[in-house]
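Peer 1: One file is attached below, target.cif, containing mmCIF, C-alpha atoms and all ligand atoms.
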data_run
loop_
_atom_site.label_atom_id
_atom_site.label_comp_id
_atom_site.auth_asym_id
_atom_site.auth_seq_id
_atom_site.Cartn_x
_atom_site.Cartn_y
_atom_site.Cartn_z
CA MET A 124 37.99 46.41 -21.06
CA MET A 125 35.25 46.00 -23.62
CA LYS A 126 32.02 44.52 -22.21
CA ARG A 127 30.62 41.90 -24.59
CA ILE A 128 26.86 41.72 -24.37
CA ALA A 129 24.36 39.08 -25.41
CA ILE A 130 21.07 40.84 -26.17
CA LEU A 131 18.11 38.49 -25.91
CA GLY A 132 15.32 40.13 -27.91
CA SER A 133 17.45 42.58 -29.88
CA THR A 134 14.63 43.39 -32.30
CA GLY A 135 12.26 44.63 -29.59
CA SER A 136 11.85 48.09 -28.12
CA ILE A 137 14.47 47.56 -25.39
CA GLY A 138 16.71 45.53 -27.71
CA LYS A 139 16.84 48.30 -30.33
CA GLN A 140 17.54 50.96 -27.73
CA SER A 141 20.32 48.79 -26.24
CA LEU A 142 21.96 48.66 -29.66
CA GLU A 143 21.71 52.45 -29.88
CA VAL A 144 23.55 52.66 -26.55
CA ILE A 145 26.20 50.24 -27.80
CA ALA A 146 26.59 52.26 -31.01
CA GLN A 147 27.15 55.39 -28.91
CA HIS A 148 29.86 53.69 -26.82
CA PRO A 149 31.78 51.50 -29.28
CA THR A 150 34.92 51.32 -27.13
CA GLU A 151 32.98 50.22 -24.05
CA PHE A 152 30.46 47.72 -25.38
CA ALA A 153 30.13 45.15 -28.13
CA ALA A 154 27.08 43.18 -29.22
CA GLU A 155 28.33 39.61 -28.94
CA VAL A 156 25.03 37.77 -29.43
CA LEU A 157 21.77 39.01 -30.96
CA THR A 158 18.51 37.05 -30.78
CA ALA A 159 14.96 37.48 -32.02
CA LYS A 160 11.81 35.43 -32.09
CA SER A 161 10.60 35.97 -35.66
CA ASN A 162 11.64 39.41 -36.94
CA TYR A 163 14.37 37.99 -39.18
CA ARG A 164 14.61 41.07 -41.39
CA LEU A 165 15.63 43.36 -38.56
CA LEU A 166 17.85 40.67 -37.02
CA ILE A 167 19.78 40.37 -40.31
CA GLU A 168 20.12 44.14 -40.54
CA GLN A 169 21.38 44.37 -36.95
CA ALA A 170 23.85 41.52 -37.48
CA ALA A 171 25.26 43.15 -40.61
CA ARG A 172 25.76 46.39 -38.69
CA PHE A 173 26.97 45.16 -35.27
CA HIS A 174 28.93 42.01 -36.27
CA PRO A 175 27.97 39.74 -33.37
CA SER A 176 29.65 36.30 -33.14
CA ILE A 177 26.29 34.57 -32.91
CA VAL A 178 22.70 35.29 -33.87
CA VAL A 179 19.70 33.20 -32.87
CA ILE A 180 16.33 33.18 -34.57
CA SER A 181 13.88 31.32 -32.35
CA ASP A 182 11.34 30.71 -35.09
CA GLN A 183 13.02 27.93 -37.08
CA ASN A 184 10.99 28.81 -40.20
CA HIS A 185 13.32 31.75 -40.79
CA LEU A 186 16.59 29.96 -40.05
CA ASP A 187 17.48 29.34 -43.71
CA THR A 188 16.80 32.93 -44.67
CA VAL A 189 19.00 34.29 -41.89
CA GLU A 190 21.78 31.81 -42.67
CA ARG A 191 21.75 32.73 -46.33
CA ALA A 192 21.71 36.47 -45.67
CA LEU A 193 24.68 36.29 -43.29
CA SER A 194 26.64 33.57 -45.10
CA GLY A 195 29.46 35.92 -46.12
CA LEU A 196 30.11 37.07 -42.54
CA PRO A 197 31.91 35.33 -39.65
CA ILE A 198 28.65 34.92 -37.75
CA THR A 199 27.26 31.66 -36.39
CA VAL A 200 23.53 31.42 -37.03
CA LEU A 201 21.42 29.24 -34.75
CA GLY A 202 17.71 28.49 -34.65
CA GLY A 203 15.20 27.45 -32.00
CA GLN A 204 14.42 28.39 -28.43
CA LYS A 205 16.91 25.89 -26.96
CA ALA A 206 19.82 27.74 -28.59
CA LEU A 207 19.15 30.68 -26.25
CA GLU A 208 20.14 28.53 -23.29
CA GLU A 209 23.53 27.77 -24.87
CA VAL A 210 24.47 31.16 -26.27
CA VAL A 211 24.15 32.92 -22.91
CA THR A 212 26.83 30.70 -21.40
CA GLY A 213 29.56 31.30 -24.04
CA ASP A 214 33.07 32.32 -22.89
CA ARG A 215 32.97 35.50 -24.94
CA VAL A 216 29.82 36.79 -23.23
CA ASP A 217 30.33 39.10 -20.22
CA MET A 218 26.78 40.32 -19.76
CA VAL A 219 23.35 39.06 -20.76
CA LEU A 220 20.72 41.70 -21.41
CA ALA A 221 17.37 39.97 -21.03
CA ALA A 222 15.03 41.99 -23.24
CA MET A 223 12.67 39.25 -24.32
CA VAL A 224 9.07 39.55 -23.35
CA GLY A 225 7.22 37.18 -21.03
CA PHE A 226 7.88 33.86 -19.32
CA ALA A 227 10.22 32.84 -22.18
CA GLY A 228 12.94 34.99 -20.56
CA LEU A 229 13.19 32.89 -17.42
CA ILE A 230 15.10 29.82 -18.59
CA PRO A 231 17.86 31.65 -20.52
CA VAL A 232 18.35 33.97 -17.51
CA VAL A 233 18.73 30.98 -15.16
CA HIS A 234 21.35 29.49 -17.53
CA ALA A 235 23.19 32.79 -17.74
CA ILE A 236 23.31 33.17 -13.96
CA LYS A 237 24.64 29.65 -13.55
CA ALA A 238 27.37 30.50 -16.06
CA GLY A 239 28.33 33.49 -13.88
CA LYS A 240 27.25 36.19 -16.36
CA GLN A 241 26.26 39.67 -15.27
CA ILE A 242 22.55 40.15 -15.92
CA ALA A 243 20.93 43.35 -17.13
CA LEU A 244 17.27 42.57 -16.61
CA ALA A 245 14.51 44.21 -18.60
CA ASN A 246 12.40 41.05 -18.66
CA LYS A 247 10.44 41.67 -15.45
CA GLU A 248 8.36 38.52 -15.93
CA THR A 249 11.45 36.50 -14.93
CA LEU A 250 11.30 37.94 -11.41
CA VAL A 251 7.52 37.88 -11.24
CA VAL A 252 7.44 34.17 -12.02
CA ALA A 253 10.50 33.01 -10.10
CA GLY A 254 11.87 35.91 -8.08
CA GLU A 255 12.81 33.82 -5.07
CA LEU A 256 14.72 31.28 -7.19
CA VAL A 257 16.40 33.81 -9.48
CA THR A 258 17.60 36.13 -6.71
CA ARG A 259 18.83 33.12 -4.68
CA LEU A 260 20.78 31.84 -7.69
CA ALA A 261 22.23 35.29 -8.39
CA HIS A 262 23.45 35.41 -4.79
CA GLU A 263 24.84 31.87 -4.96
CA TYR A 264 26.68 32.44 -8.26
CA LYS A 265 27.72 35.97 -7.21
CA VAL A 266 26.31 37.69 -10.27
CA ASP A 267 24.81 41.18 -10.39
CA LEU A 268 21.13 41.44 -11.29
CA LEU A 269 21.08 44.94 -12.74
CA PRO A 270 17.60 46.35 -13.30
CA VAL A 271 16.75 47.94 -16.64
CA ASP A 272 13.12 48.68 -15.80
CA SER A 273 13.19 52.45 -15.23
CA GLU A 274 11.55 52.40 -11.78
CA HIS A 275 13.87 49.67 -10.54
CA SER A 276 16.90 51.38 -11.99
CA ALA A 277 15.78 54.47 -10.06
CA ILE A 278 15.45 52.52 -6.81
CA PHE A 279 18.78 50.81 -7.45
CA GLN A 280 20.46 54.18 -7.99
CA CYS A 281 18.84 55.62 -4.83
CA LEU A 282 20.07 52.63 -2.81
CA THR A 283 23.69 53.00 -3.88
CA GLY A 284 25.75 53.67 -0.76
CA GLU A 285 22.82 52.95 1.59
CA GLN A 286 22.15 50.15 4.08
CA GLN A 287 19.30 47.72 3.36
CA ALA A 288 18.24 47.81 7.04
CA GLU A 289 17.71 51.57 6.84
CA VAL A 290 15.20 51.41 3.97
CA GLU A 291 11.71 52.16 5.24
CA LYS A 292 9.76 51.94 1.99
CA VAL A 293 9.86 52.54 -1.75
CA TYR A 294 7.39 54.46 -3.87
CA ILE A 295 7.16 53.07 -7.39
CA THR A 296 5.89 55.71 -9.78
CA ALA A 297 3.37 54.92 -12.52
CA SER A 298 2.41 57.09 -15.46
CA GLY A 299 -1.18 55.89 -15.09
CA GLY A 300 -1.17 54.81 -18.73
CA PRO A 301 -3.38 56.05 -21.56
CA PHE A 302 -6.62 55.43 -19.62
CA ARG A 303 -5.78 57.26 -16.40
CA ASN A 304 -8.81 59.55 -16.71
CA LEU A 305 -11.38 57.13 -18.14
CA ASP A 306 -14.29 55.91 -16.01
CA THR A 307 -15.34 52.26 -15.81
CA ALA A 308 -17.98 52.63 -18.52
CA ALA A 309 -15.42 54.03 -20.96
CA LEU A 310 -12.84 51.42 -19.95
CA THR A 311 -15.32 48.62 -20.65
CA ILE A 312 -15.39 49.57 -24.32
CA ALA A 313 -11.76 50.72 -24.66
CA THR A 314 -10.03 49.26 -27.71
CA ARG A 315 -6.56 47.93 -28.30
CA HIS A 316 -5.79 50.87 -30.61
CA GLU A 317 -6.51 53.29 -27.77
CA ALA A 318 -4.58 51.14 -25.31
CA LEU A 319 -1.53 51.05 -27.58
CA LYS A 320 -1.17 54.85 -27.47
CA HIS A 321 0.93 55.33 -24.36
CA PRO A 322 1.27 58.98 -23.28
CA THR A 323 4.92 58.96 -22.14
CA TRP A 324 6.68 55.71 -23.15
CA ASN A 325 7.07 54.00 -26.53
CA MET A 326 7.26 50.25 -25.79
CA GLY A 327 6.41 46.76 -27.06
CA ALA A 328 2.74 45.77 -27.36
CA LYS A 329 2.54 43.51 -24.29
CA ILE A 330 3.98 46.00 -21.79
CA THR A 331 1.90 48.80 -23.33
CA ILE A 332 -1.31 46.87 -22.65
CA ASP A 333 -0.01 46.02 -19.17
CA SER A 334 0.48 49.75 -18.63
CA ALA A 335 -3.09 50.47 -19.68
CA THR A 336 -4.48 47.94 -17.15
CA LEU A 337 -1.87 48.84 -14.46
CA MET A 338 -0.85 45.17 -14.45
CA ASN A 339 2.57 46.52 -15.38
CA LYS A 340 2.75 48.21 -11.94
CA GLY A 341 1.54 44.98 -10.35
CA LEU A 342 4.37 43.09 -12.06
CA GLU A 343 6.79 45.82 -11.02
CA ILE A 344 5.83 45.62 -7.35
CA ILE A 345 6.67 41.93 -7.39
CA GLU A 346 9.86 42.64 -9.34
CA ALA A 347 10.89 45.24 -6.73
CA ARG A 348 10.04 42.92 -3.85
CA TRP A 349 12.64 40.42 -5.07
CA LEU A 350 15.28 42.77 -6.45
CA PHE A 351 15.49 44.81 -3.26
CA ASN A 352 14.44 42.20 -0.70
CA LEU A 353 11.40 44.19 0.46
CA LYS A 354 8.29 43.17 2.37
CA PRO A 355 5.00 43.74 0.52
CA ASP A 356 4.07 46.51 2.97
CA GLN A 357 7.23 48.43 2.11
CA ILE A 358 6.10 49.06 -1.49
CA GLU A 359 3.61 51.71 -2.58
CA VAL A 360 2.51 52.75 -6.05
CA ILE A 361 2.08 56.44 -6.78
CA VAL A 362 0.71 57.79 -10.06
CA HIS A 363 2.93 60.46 -11.60
CA PRO A 364 1.67 61.24 -15.13
CA GLN A 365 4.75 63.18 -16.29
CA SER A 366 7.08 60.13 -15.84
CA ILE A 367 9.98 62.31 -14.69
CA VAL A 368 10.51 60.96 -11.18
CA HIS A 369 11.24 57.29 -11.86
CA SER A 370 10.79 56.18 -8.22
CA PHE A 371 11.52 57.15 -4.60
CA VAL A 372 13.19 55.45 -1.66
CA GLN A 373 12.31 56.54 1.89
CA PHE A 374 14.78 55.79 4.68
CA CYS A 375 14.30 55.20 8.43
CA ASP A 376 15.08 58.83 9.27
CA GLY A 377 12.23 60.00 7.00
CA SER A 378 14.54 61.22 4.25
CA ILE A 379 13.47 60.48 0.67
CA LYS A 380 15.74 60.05 -2.35
CA ALA A 381 14.44 60.11 -5.91
CA GLN A 382 15.95 59.58 -9.34
CA LEU A 383 14.73 61.85 -12.13
CA GLY A 384 15.19 62.11 -15.85
CA LEU A 385 13.32 62.30 -19.11
CA PRO A 386 11.33 59.16 -19.92
CA ASP A 387 14.03 57.56 -22.07
CA MET A 388 14.86 53.88 -21.59
CA ARG A 389 18.36 54.40 -22.98
CA LEU A 390 19.24 55.94 -19.62
CA PRO A 391 18.51 52.90 -17.40
CA ILE A 392 19.93 50.65 -20.15
CA LEU A 393 23.18 52.62 -20.12
CA TYR A 394 23.34 52.57 -16.32
CA ALA A 395 22.88 48.78 -16.19
CA MET A 396 25.48 48.25 -18.92
CA SER A 397 28.09 50.58 -17.43
CA TYR A 398 27.49 49.81 -13.74
CA PRO A 399 29.26 50.51 -11.43
CA LYS A 400 30.56 53.33 -13.64
CA ARG A 401 28.54 56.10 -15.23
CA LEU A 402 29.29 56.94 -18.87
CA ASN A 403 28.36 60.07 -20.78
CA GLY A 404 24.75 59.80 -21.87
CA LEU A 405 24.32 61.23 -25.34
CA PHE A 406 20.63 61.93 -24.84
CA PRO A 407 18.60 65.13 -24.35
CA ARG A 408 18.74 66.56 -20.82
CA PHE A 409 15.77 67.26 -18.57
CA ASN A 410 14.84 70.94 -18.44
CA PHE A 411 12.97 72.11 -15.32
CA LYS A 412 11.38 74.97 -17.25
CA ASP A 413 9.58 72.46 -19.49
CA TYR A 414 8.01 70.82 -16.42
CA PRO A 415 6.75 73.53 -14.05
CA LEU A 416 4.35 70.99 -12.52
CA LEU A 417 5.15 67.46 -11.39
CA THR A 418 2.03 65.84 -9.93
CA PHE A 419 1.34 62.76 -7.83
CA GLU A 420 -1.88 60.93 -7.04
CA ALA A 421 -3.03 57.60 -5.59
CA PRO A 422 -3.74 54.77 -8.05
CA ASP A 423 -7.37 53.66 -8.43
CA SER A 424 -7.63 49.92 -7.98
CA VAL A 425 -11.39 49.96 -8.55
CA ARG A 426 -11.08 51.11 -12.15
CA PHE A 427 -7.84 49.15 -12.49
CA PRO A 428 -8.46 45.91 -10.56
CA ASN A 429 -5.32 44.18 -11.90
CA LEU A 430 -3.21 46.19 -9.49
CA ALA A 431 -5.12 44.82 -6.49
CA ILE A 432 -4.89 41.29 -7.93
CA ALA A 433 -1.12 41.56 -8.20
CA LEU A 434 -0.83 42.78 -4.60
CA GLU A 435 -2.90 39.87 -3.32
CA VAL A 436 -0.95 37.39 -5.42
CA MET A 437 2.35 38.75 -4.12
CA ARG A 438 1.14 38.26 -0.52
CA LYS A 439 0.06 34.67 -1.23
CA GLY A 440 3.47 33.88 -2.71
CA GLY A 441 4.49 30.39 -3.92
CA ASN A 442 3.59 29.94 -7.58
CA MET A 443 0.69 32.43 -7.47
CA PRO A 444 2.66 35.16 -9.27
CA CYS A 445 3.65 32.56 -11.89
CA ILE A 446 -0.03 31.70 -12.40
CA MET A 447 -1.03 35.36 -12.58
CA ASN A 448 1.72 36.07 -15.10
CA ALA A 449 0.74 33.23 -17.44
CA ALA A 450 -2.96 34.12 -17.23
CA ASN A 451 -2.08 37.73 -17.94
CA GLU A 452 0.03 36.79 -20.98
CA ILE A 453 -2.95 34.89 -22.42
CA ALA A 454 -5.34 37.70 -21.52
CA VAL A 455 -3.19 40.41 -23.12
CA GLU A 456 -2.79 38.36 -26.29
CA ALA A 457 -6.56 37.84 -26.43
CA PHE A 458 -7.11 41.60 -26.03
CA LEU A 459 -4.54 42.34 -28.75
CA ASN A 460 -6.46 39.98 -31.05
CA ASP A 461 -9.79 41.66 -30.21
CA ARG A 462 -11.08 38.49 -28.58
CA VAL A 463 -11.82 40.04 -25.18
CA GLY A 464 -12.48 43.55 -23.92
CA PHE A 465 -10.55 45.57 -21.36
CA TYR A 466 -12.17 44.00 -18.28
CA GLY A 467 -12.30 40.63 -20.05
CA MET A 468 -8.57 40.48 -19.31
CA THR A 469 -9.24 40.80 -15.58
CA ARG A 470 -11.94 38.16 -15.71
CA ILE A 471 -9.59 35.67 -17.39
CA ILE A 472 -6.98 36.27 -14.71
CA GLU A 473 -9.43 35.98 -11.80
CA LYS A 474 -11.02 32.76 -13.06
CA THR A 475 -7.65 31.20 -13.85
CA LEU A 476 -6.24 32.06 -10.42
CA ARG A 477 -9.11 30.09 -8.87
CA GLN A 478 -8.50 26.97 -10.99
CA ALA A 479 -4.75 26.59 -11.40
CA THR A 480 -2.86 24.39 -8.94
CA PHE A 481 -1.41 26.37 -6.04
CA LEU A 482 2.05 25.35 -4.83
CA PRO A 483 3.34 27.10 -1.71
CA VAL A 484 6.92 26.21 -2.68
CA ALA A 485 8.22 25.80 -6.24
CA GLY A 486 11.44 25.29 -8.19
CA LEU A 487 12.21 25.79 -11.87
CA SER A 488 10.46 22.63 -13.10
CA GLU A 489 7.34 23.47 -11.07
CA TYR A 490 7.26 26.97 -12.56
CA ILE A 491 7.55 25.54 -16.07
CA GLU A 492 4.71 23.10 -15.38
CA SER A 493 2.60 25.74 -13.66
CA ASP A 494 3.06 28.13 -16.61
CA ARG A 495 2.00 25.38 -19.01
CA GLU A 496 -1.04 24.35 -16.94
CA THR A 497 -2.13 27.95 -16.42
CA ARG A 498 -1.98 28.82 -20.10
CA SER A 499 -4.26 25.94 -21.04
CA ILE A 500 -6.73 26.88 -18.28
CA ALA A 501 -6.67 30.57 -19.21
CA LEU A 502 -7.30 29.76 -22.88
CA THR A 503 -10.61 28.12 -21.95
CA PHE A 504 -11.81 31.50 -20.65
CA VAL A 505 -10.95 33.46 -23.80
P1 LIG A 601 9.07 43.88 -27.55
O1 LIG A 601 7.83 43.10 -27.80
O2 LIG A 601 9.25 45.18 -28.23
O3 LIG A 601 10.34 42.98 -27.89
C1 LIG A 601 10.45 41.66 -27.44
C2 LIG A 601 11.71 41.01 -28.00
O4 LIG A 601 11.80 39.68 -27.51
C3 LIG A 601 11.74 40.90 -29.52
O5 LIG A 601 13.06 41.00 -29.97
C4 LIG A 601 11.22 39.49 -29.79
O6 LIG A 601 11.73 38.94 -30.98
C5 LIG A 601 11.76 38.73 -28.59
N1 LIG A 601 10.88 37.65 -28.16
C6 LIG A 601 9.56 37.75 -27.87
N2 LIG A 601 9.07 36.57 -27.48
C7 LIG A 601 10.08 35.70 -27.53
C8 LIG A 601 10.21 34.30 -27.28
N3 LIG A 601 9.17 33.56 -26.90
N4 LIG A 601 11.41 33.72 -27.46
C9 LIG A 601 12.47 34.45 -27.87
N5 LIG A 601 12.42 35.76 -28.13
C10 LIG A 601 11.24 36.38 -27.96
O7 LIG A 601 9.15 44.07 -25.96
P2 LIG A 601 9.86 45.25 -25.14
O8 LIG A 601 8.92 46.36 -24.98
O9 LIG A 601 11.21 45.50 -25.67
O10 LIG A 601 9.98 44.57 -23.70
C11 LIG A 601 10.91 43.55 -23.44
C12 LIG A 601 10.93 43.28 -21.93
O11 LIG A 601 11.40 44.45 -21.27
C13 LIG A 601 9.55 42.97 -21.35
O12 LIG A 601 9.67 42.04 -20.33
C14 LIG A 601 9.11 44.31 -20.79
O13 LIG A 601 8.23 44.18 -19.71
C15 LIG A 601 10.44 44.89 -20.32
N6 LIG A 601 10.46 46.35 -20.28
C16 LIG A 601 10.28 47.07 -21.42
C17 LIG A 601 10.29 48.46 -21.38
C18 LIG A 601 10.13 49.29 -22.62
O14 LIG A 601 10.24 50.49 -22.56
N7 LIG A 601 9.89 48.69 -23.77
C19 LIG A 601 10.48 49.10 -20.15
C20 LIG A 601 10.68 48.34 -19.02
C21 LIG A 601 10.67 46.97 -19.09
MG MG A 602 8.79 50.23 -15.68
#
The structure given in the file should be rewritten as structure tokens.
Peer 2:
Amino acid sequence: MMKRIAILGSTGSIGKQSLEVIAQHPTEFAAEVLTAKSNYRLLIEQAARFHPSIVVISDQNHLDTVERALSGLPITVLGGQKALEEVVTGDRVDMVLAAMVGFAGLIPVVHAIKAGKQIALANKETLVVAGELVTRLAHEYKVDLLPVDSEHSAIFQCLTGEQQAEVEKVYITASGGPFRNLDTAALTIATRHEALKHPTWNMGAKITIDSATLMNKGLEIIEARWLFNLKPDQIEVIVHPQSIVHSFVQFCDGSIKAQLGLPDMRLPILYAMSYPKRLNGLFPRFNFKDYPLLTFEAPDSVRFPNLAIALEVMRKGGNMPCIMNAANEIAVEAFLNDRVGFYGMTRIIEKTLRQATFLPVAGLSEYIESDRETRSIALTFV
């Protein structure tokens, strides 16, 4: 049976690679829905090639252009952010691949879960903001939350066939980002151009900056906590610059399992799409002779304070991760626009965490309000 997939954010780094995977497995997968925020040119090109039933362009300014370009094809064209909530629930959709960036992914994912769709989750911010709610809903509506993030896909693969109660801890690997060897003085003056040059992964701008500050690992710890029902103390970050071991799981007998592969997101994308099967991956294979040395070291949370912030926020719980996420989104955008420096991002997050309203318990509407409040507070510190 063909799996029909709605790709939210098809024009992004993950979205494009998902379409490559679909193109390589045309009898297994079809792109049923494609969506983009504003890159209408690429969206039109993708629609003409993959023939989805529906495309959504969130930025309404481009709606006419997309409609006109696709007018000869049997494709419904919708505009606006609200349309995302509807398209994920359609009868013809079997799986929703959440590959949007940021908080904006949360609401469509909640709608998709409630409609009983399988979820392939790249959008880690969804679980950072509302992990308790989203995992509870997934359980209630009996849908799979299949991780696309490479570390979480690794952990998920290591856990297959194992008992939750026998998991002692997980080690999430981190490349260390482009600034792994810089000291604080150099980091203070690091630019966005330098930050955007990631040594092992080619990704969207936001996650690339998050990788440079190690906030990405902070977000991933919280993501792992919810996906695998772990206690904060069961998660450790380990820097592994070659990005070959994608994560480890240690069991109660002391045994450790790892998942390895070249740093290629098409692999975890394919695994999430084909789960519980494995399909032939048409990508280059790892060659041990090319990697005589795989190294591991502890992360430095003095030079990279965002990692420590994320750990503390995870322990506090409630809406704290939601606040941290929103403050971080504002901070990263400010850095990308050259309005703050590298540590300016940390300062925005720290100040915002002190001012935003803390809620020990929150539901969807509280998260939406908290995100809104936090953004306006964080903007005052830019
Ligand atoms: P990207 O910036 O390359 O692409 C983002 C996509 O989402 C684009 O198609 C864009 O049009 C769409 N989008 C952005 N904001 C939107 C909004 N407000 N409303 C609707 N659509 C919107 O990002 P990416 O690197 O592909 O990352 C996507 C998600 O996957 C992020 O959450 C990221 O953390 C996660 N992720 C990415 C990678 C990677 O290798 N790129 C790896 C692991 C996890
Ligand atoms: Mg990752």
Peer 1: Would you list the contacts of A:Ala221 as an mmCIF file with C-alpha atoms, in the frame of the given file, taking every protein, DNA or RNA residue within 8 Å and counting all atoms listed in the file, but skipping same-chain residues closer than 5 positions in sequence?
Peer 2:
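The result, written out as result_26.cif:
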data_model
loop_
_atom_site.group_PDB
_atom_site.id
_atom_site.type_symbol
_atom_site.label_atom_id
_atom_site.label_comp_id
_atom_site.auth_asym_id
_atom_site.auth_seq_id
_atom_site.Cartn_x
_atom_site.Cartn_y
_atom_site.Cartn_z
ATOM 1 C CA ILE A 130 21.070 40.840 -26.170
ATOM 2 C CA LEU A 131 18.110 38.490 -25.910
ATOM 3 C CA GLY A 132 15.320 40.130 -27.910
ATOM 4 C CA GLY A 228 12.940 34.990 -20.560
ATOM 5 C CA VAL A 232 18.350 33.970 -17.510
ATOM 6 C CA ILE A 242 22.550 40.150 -15.920
ATOM 7 C CA ALA A 243 20.930 43.350 -17.130
ATOM 8 C CA LEU A 244 17.270 42.570 -16.610
ATOM 9 C CA ALA A 245 14.510 44.210 -18.600
ATOM 10 C CA ASN A 246 12.400 41.050 -18.660
#
Peer 1: Expressed in Å to a single decimal, how great is the separation between atom CA of A:Glu143 and atom CA of A:Pro231?
Peer 2: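 Between atom CA of A:Glu143 and atom CA of A:Pro231 the gap is 23.1 Å.
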Peer 1: So the first atom is atom CA of A:Arg127 and the second is atom CA of A:Ala154; what is the distance between them in Å, to one decimal place?
Peer 2: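 Atom-to-atom, atom CA of A:Arg127 and atom CA of A:Ala154 are spaced 6.0 Å apart.
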Peer 1: Given a cut-off of 8 Å, what residues near ligand LIG 601 (chain A) show up using all atoms listed in the file, put as a ChimeraX atom specification?
Peer 2: /A:131-139,158-162,180-181,204,207,221-228,244-249,271-273,324-331,339,388
Peer 1: Just to confirm, what's the straight-line distance from atom CA of A:Ala288 to atom CA of A:Phe371 in Å (one decimal)?
Peer 2: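 Result for atom CA of A:Ala288 versus atom CA of A:Phe371: 16.4 Å, one decimal.
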